[in-house]
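To start, the structure itself, in structure tokens.
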Amino acid sequence: MKKSRWTAAAVLGLAGMVLSGAGLVPASESQSASEEQVVEETGNSDLSAVSQDAIADEGQAEENAESETASDSATVQTANKPEKDDEKSRTVSATATGVVMEVPDMAQITFGVVTNGEEADAAQSENTEKVNQVIGTLKGMGVEEKSIQTSGYSISPQYDYDNLDANKQPKLTGYEVRTTLQVSDQKIADAGKILAESVRAGVNDVERVVYTCSTYDEKYEEALQEAVEAARKKADVLAKAEGASAGKAVSISEGYQDLSARYQSSDIGAAYKETAAAAQDTILDPALSAGTLKISAEVSVTYELAY
């Protein structure tokens, strides 16, 4: 009976011990060691997993960064590469002048009536009488009133600077009255006769004769057309440097138009003035030669480059 109790006690004692690498140890210590081992192993496992995830994330980030860098590089290359639409929008510009020569057929005559008198009113009355005679003569020759214009009028005191008065001032000798007339839109074939008859009627100061063309506007348009054609030829030569040609015109602008080119002056006035003053009654109809009138136009044109 005592033996059985001892055996039971031994069994119970062994039940509180466990076999460990160091031998038998109390079960509580073995359990604690196991729990610590489990925690340590679990912790190591978790850390390992986190580390692997971090490495994976870092690798993925590097791959993404490389991918973005490659994408940016491609974008830059694409931006630097000219697109077809950009090539089409490239342009070439040229400026050219067109010239048309035309024989004038119209004349504009400017002349005047000059009178002198000791008194201003006397000189003015004489001047008015002669001007009316000239205008009457012009109308009698078929010149329309709208083509006759009074372009100047003046009354000027005249002084003798060689003989001074008591106050040593130039001596007043009288007054000069000048009326200037302009006769326009006359055929050159009639201009000589108009000039001669006007001198006989009282004109004693011929200033100038100016020639122009009745077809000036039409000829100017021809000059514009020539300028546009010349601009395209220039643009084609320039475009060849790019291996292209001048395509569709995208803008055309007209250059400065010199309106004075409508008229061509003659120096007949100075010579005719002397003749008119010397012999009004015997003066002959002058032969007027108009020569040629140079009509020019300038344009600037921009073309698309055609490849």
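A note on labels: chains of the structure tokens are A, B, ... as shown, every chain counts residues from 1, and ligands are counted from 1 in their shown order.
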
Hey, which bits of segment 102-139 of chain A sit within 8 Å of segment 147-158 of chain A, and for each residue what's the closest pair of atoms and how far apart in Å (one decimal), counting only C-alpha atoms, rows by chain and increasing number, as a Markdown table?
```
| residue | atom | partner | partner_atom | distance |
| --- | --- | --- | --- | --- |
| A:Ala120 | CA | A:Ile155 | CA | 7.5 |
| A:Gln124 | CA | A:Ile155 | CA | 7.9 |
| A:Ile135 | CA | A:Ile148 | CA | 7.8 |
```

May I have the residues from that selection written out with C-alpha atoms, as an mmCIF file, in the first residue's frame?
```cif
data_model
loop_
_atom_site.group_PDB
_atom_site.id
_atom_site.type_symbol
_atom_site.label_atom_id
_atom_site.label_comp_id
_atom_site.auth_asym_id
_atom_site.auth_seq_id
_atom_site.Cartn_x
_atom_site.Cartn_y
_atom_site.Cartn_z
ATOM 1 C CA ALA A 120 -3.668 148.265 -103.319
ATOM 2 C CA GLN A 124 -6.561 144.452 -107.046
ATOM 3 C CA ILE A 135 -11.541 132.231 -116.820
#
```

Backbone-only DSSP, alpha helix (DSSP H) members of segment 70-189 of chain A, as a PyMOL selection string:
chain A and resi 70-80+84-89+120-140+188-189

Find the distance between atom CA of Asn116 of chain A and atom CA of Val177 of chain A and write it in Å to one decimal.
6.4 Å

Length of the atom CA of Lys233 of chain A to atom CA of Glu221 of chain A vector [Å]
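The value is 18.9 Å.
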
Extract, using only C-alpha atoms, all DNA, RNA and protein residues at most 9 Å from segment 240-243 of chain A, discarding same-chain residues fewer than 5 positions from it, and format them as a ChimeraX atom specification.
/A:235,305-307

Once you have the residues from the selection above, write them out as a CSV table (one decimal), in the first residue's frame, restricted to all heavy atoms.
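Dumped everything to result_18.csv:
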```
chain,number,residue,atom,x,y,z
A,235,ALA,N,9.9,83.8,-103.1
A,235,ALA,CA,9.6,82.9,-102.0
A,235,ALA,C,10.0,81.4,-102.4
A,235,ALA,O,10.5,80.7,-101.6
A,235,ALA,CB,8.1,82.9,-101.7
A,305,LEU,N,5.1,76.7,-96.4
A,305,LEU,CA,6.1,75.9,-97.0
A,305,LEU,C,5.4,74.5,-97.4
A,305,LEU,O,4.8,73.9,-96.6
A,305,LEU,CB,7.3,75.6,-96.1
A,305,LEU,CG,8.3,76.8,-95.9
A,305,LEU,CD1,9.3,76.4,-94.9
A,305,LEU,CD2,8.9,77.2,-97.2
A,306,ALA,N,5.5,74.2,-98.7
A,306,ALA,CA,5.0,72.9,-99.2
A,306,ALA,C,6.1,71.9,-99.4
A,306,ALA,O,7.0,72.2,-100.1
A,306,ALA,CB,4.2,73.2,-100.5
A,307,TYR,N,6.0,70.8,-98.7
A,307,TYR,CA,7.0,69.8,-98.8
A,307,TYR,C,6.6,68.7,-99.8
A,307,TYR,O,5.5,68.4,-100.0
A,307,TYR,CB,7.3,69.1,-97.4
A,307,TYR,CG,7.9,70.1,-96.5
A,307,TYR,CD1,7.1,70.9,-95.7
A,307,TYR,CD2,9.3,70.3,-96.4
A,307,TYR,CE1,7.7,71.9,-94.8
A,307,TYR,CE2,9.9,71.2,-95.5
A,307,TYR,CZ,9.1,72.0,-94.7
A,307,TYR,OH,9.7,72.9,-93.9
```

If we count only C-alpha atoms, what is near Gly142 of chain A at a cut-off of 10 Å, once residues fewer than 4 positions away on the same chain are taken out, given as a list in words?
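Counting only C-alpha atoms, the residues come to Thr137, Leu138 and Ile194 of chain A.
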
Output of the above residues as a compact mmCIF listing (two decimals), in the first residue's frame, restricted to all heavy atoms:
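Saved file selection-v5.txt follows:
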```txt
# COMPACT_ATOMS: atom_id res chain seq x y z
N THR A 137 -12.00 132.91 -121.05
CA THR A 137 -11.33 132.28 -122.19
C THR A 137 -11.30 130.76 -122.03
O THR A 137 -11.55 130.02 -122.99
CB THR A 137 -9.89 132.81 -122.32
OG1 THR A 137 -9.94 134.23 -122.56
CG2 THR A 137 -9.16 132.12 -123.45
N LEU A 138 -11.01 130.30 -120.82
CA LEU A 138 -10.95 128.86 -120.55
C LEU A 138 -12.32 128.21 -120.80
O LEU A 138 -12.43 127.17 -121.44
CB LEU A 138 -10.50 128.60 -119.11
CG LEU A 138 -9.04 128.96 -118.78
CD1 LEU A 138 -8.80 128.84 -117.27
CD2 LEU A 138 -8.09 128.03 -119.54
N ILE A 194 -4.52 125.59 -124.56
CA ILE A 194 -5.07 126.21 -123.34
C ILE A 194 -4.05 127.16 -122.73
O ILE A 194 -4.38 128.29 -122.32
CB ILE A 194 -5.48 125.12 -122.33
CG1 ILE A 194 -6.71 124.36 -122.83
CG2 ILE A 194 -5.74 125.73 -120.96
CD1 ILE A 194 -7.09 123.16 -121.97
```

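The space between atom CA of Thr95 of chain A and atom CA of Cys213 of chain A spans 26.4 Å.
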
Name the closest residue to Gly140 of chain A among the candidates A:Ser265, A:Ser260, A:Ser198, A:Thr292; distances are taken between atoms, counting only C-alpha atoms.
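Among A:Ser265, A:Ser260, A:Ser198, A:Thr292, it is A:Ser198 that comes nearest to Gly140 of chain A.
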
Give me, as a ChimeraX atom specification, the residues of segment 79-237 of chain A that a backbone DSSP run labels strand (DSSP E).
/A:91-102,106-117,148-164,170-187,205-212

Cut-off 7 Å: closest segment 97-203 of chain A/segment 297-303 of chain A atom pairs per residue, using only C-alpha atoms, as a Markdown table:
```
| residue | atom | partner | partner_atom | distance |
| --- | --- | --- | --- | --- |
| A:Thr97 | CA | A:Glu298 | CA | 4.3 |
| A:Gly98 | CA | A:Ala297 | CA | 5.3 |
| A:Val99 | CA | A:Ala297 | CA | 6.6 |
```

From the list A:Ala122, A:Ile188, A:Ala249, A:Leu288, the nearest residue to Thr212 of chain A using only C-alpha atoms is A:Ile188

If we count only C-alpha atoms, what is near Asn163 of chain A at a cut-off of 12 Å, once residues fewer than 6 positions away on the same chain are taken out, given as a list in words?
Gln169, Pro170, Lys171, Leu172 and Thr173 of chain A
